[in-house]
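S.K.: Sharing a structure here in structure tokens format.
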Amino acid sequence: MVIDCKHIWNFISDYIDGTLTEEARVDVQKHLEHCEICSAILDSTRNVIILTADDRVFELPVGFSERLHARIDLELEEYRGDGVKQSP
Amino acid sequence: MIAAILGGETQVFHDLIRPHEPSVYLMALSYMKNEADAEDVAQEAFVRSFRNLASFRAESKFSTWLISITLNEARTRLRRKMLVRMDSLDTPPDEDQHVSPALLRDWREIPSEVVERGEIRKLLQDAIACLPDIYRQVFLLRDVEEMNINETAAALNISVPSVKVRLHRARMMLQKQLAPQLKAATQQSRRRWFPWS
């Protein structure tokens with residue numbers, strides 16, 4: 001089966017996730033072996049996913065955890081001081 | 001841990017939520033689009049999760065449940081503030097819309113070290129921020145927070161096929177925007193470092 005490039009692009013995401021059927025995976029693989037453009041699309045998409053997932057891209061604001069846990073402490077104090085509350 | 005908290009050891013709640021701080025903040029930021037509001041939403045979501053911990057059901061994952069609470073809190077705030085029309089949050093854009101990737105003849109892998117550079121982080125953050133809401137949420141949960149497809153579907157209350165379609169579109173949109181930008185930015189820096197090349 002011959003698949004054109006535009007058709008292959010629809011499978012790129014599932015190919016990366018390994019969720020294609022075996023038949024589709026083999027077809028995509030064969031296409032990629034001789035298509036420079038689709039191979040570059042696959043490689044660059046993978047690369048973009050790896051870079052965006054890097055922990056350094058999205059960091060918590062300075063002091064976020066301290067402020068959060070201070071707020072939680074207030075909530076816990078209120079909870080402990082309030083015998084009427086049903087939950088947690 | 002949850003049983004201990006419900007049993008009265010409430011201080012354990014601090015340890016329970018610590019690993020989830022980045023994902024909750026990131027999802028809040030993806031809705032609120034500014035750090036101060038995102039932090040407020042994240043704090044409120046954690047407080048609500050404590051207050052409602054007794055209603056948590058063990059068949060779902062705590063992280064998924066927490067993300068649902070965060071998204072509900074963010075939606076409620078946005079409705080209250082009327083910052084955006086709600087259909088931009090809840091109505092999907094045209095699901096049949098086709099996204100074409102950027103066509104590049106070759107791709108030289110860009111190593112993770114480039115993320116140390118502020119302008120590269122900005123490129124990545126801006127590209128994700130520019131995604132339509134429904135695509136950004138799926139992308140952040142799947143590819144940044146590394147939830148699986150079922151967890152993502154549960155957290156966003158959408159179907160598994162919708163997660164797959166939206167993830168595919170998000171990835172293609174990011175490739176289209178970022179691949180040429182990253183290539184140019186890393187080539188420029190190579191030239192800067194090695195002026196003779």
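Each chain in the structure tokens gets a letter, A, B and so on, in the order shown; residues start at 1 in every chain, and ligands are counted from 1 in the order they appear.
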For range 59-62 of chain B, list every protein, DNA or RNA residue within 10 Å, evaluated using only C-alpha atoms, and leave out those in the same chain fewer than 6 positions away; present the list as a list in words.

M.R.: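 Here the answer would be Ile2, Leu16, Ile17, His20, Ser49, Leu53, Ser68, Glu151, Ala154 and Ala155 of chain B.
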
S.K.: Write the selection just made, keeping N, CA and C atoms, as a compact mmCIF listing (two decimals), in the first residue's frame?

M.R.:
# COMPACT_ATOMS: atom_id res chain seq x y z
N ILE B 2 -4.03 9.21 52.51
CA ILE B 2 -5.36 9.81 52.60
C ILE B 2 -6.10 9.25 53.82
N LEU B 16 1.13 14.95 51.11
CA LEU B 16 0.29 14.40 50.04
C LEU B 16 0.30 15.32 48.82
N ILE B 17 0.25 16.62 49.05
CA ILE B 17 0.08 17.53 47.90
C ILE B 17 1.40 18.00 47.28
N HIS B 20 2.26 17.32 43.71
CA HIS B 20 1.27 17.78 42.72
C HIS B 20 1.28 19.30 42.51
N SER B 49 -9.55 20.55 47.95
CA SER B 49 -9.29 19.11 47.96
C SER B 49 -9.19 18.61 49.40
N LEU B 53 -11.83 15.88 50.90
CA LEU B 53 -11.04 14.64 50.82
C LEU B 53 -11.87 13.39 51.11
N SER B 68 -9.09 17.94 38.22
CA SER B 68 -10.51 18.28 37.99
C SER B 68 -10.95 19.42 38.89
N GLU B 151 -6.17 8.92 32.00
CA GLU B 151 -6.16 9.90 33.09
C GLU B 151 -6.49 11.30 32.57
N ALA B 154 -10.14 11.55 31.90
CA ALA B 154 -10.90 11.66 33.15
C ALA B 154 -10.77 13.06 33.75
N ALA B 155 -9.54 13.58 33.75
CA ALA B 155 -9.31 14.90 34.37
C ALA B 155 -10.08 16.00 33.63

S.K.: Where does chain A meet chain B within 8 Å, residue by residue, with the nearest atom pair and distance in Å to one decimal for each, counting only C-alpha atoms, listed by chain and rising number, as a tab-separated table?

M.R.:
residue	atom	partner	partner_atom	distance
A:Trp9	CA	B:Pro101	CA	7.7
A:Asn10	CA	B:His168	CA	7.8
A:Ile12	CA	B:His168	CA	7.7
A:Ser13	CA	B:His168	CA	5.2
A:Asp14	CA	B:His168	CA	7.8
A:Glu36	CA	B:Arg105	CA	6.1
A:Ile37	CA	B:Arg105	CA	5.1
A:Ala40	CA	B:Trp107	CA	5.2
A:Ile41	CA	B:Leu103	CA	6.8
A:Asp43	CA	B:Trp107	CA	6.7
A:Ser44	CA	B:Ala179	CA	6.2
A:Thr45	CA	B:Gln175	CA	5.3
A:Asn47	CA	B:Glu109	CA	6.6
A:Val48	CA	B:Gln175	CA	6.5
A:Ile49	CA	B:Asp143	CA	6.6
A:Ile50	CA	B:Ser112	CA	7.6
A:Leu51	CA	B:Ser112	CA	6.0
A:Thr52	CA	B:Leu124	CA	6.2
A:Ala53	CA	B:Val144	CA	4.4
A:Asp54	CA	B:Ser112	CA	7.5
A:Arg56	CA	B:Val115	CA	6.7
A:Val57	CA	B:Arg121	CA	5.3
A:Phe58	CA	B:Leu26	CA	7.5
A:Glu59	CA	B:Pro22	CA	7.4
A:Leu60	CA	B:Pro22	CA	6.4
A:Pro61	CA	B:Glu35	CA	7.6
A:Phe64	CA	B:Glu39	CA	7.4
A:Ser65	CA	B:Glu21	CA	7.6
A:Leu68	CA	B:Gln43	CA	5.8
A:His69	CA	B:His14	CA	6.8
A:Arg71	CA	B:Gln43	CA	7.4
A:Ile72	CA	B:Val47	CA	6.5
A:Glu75	CA	B:Val47	CA	7.1
A:Leu76	CA	B:Thr10	CA	6.8
A:Ser87	CA	B:Arg51	CA	6.0
A:Pro88	CA	B:Ala54	CA	4.8

S.K.: I'd like the neighbourhood of Leu156 in chain B as a PyMOL selection string, where a residue qualifies if any of its atoms comes within 12 Å (using only C-alpha atoms), though same-chain residues fewer than 2 positions away should be ignored.

M.R.: chain B and resi 27+64-72+89-90+133-142+147+149-154+158-160+162-163+166
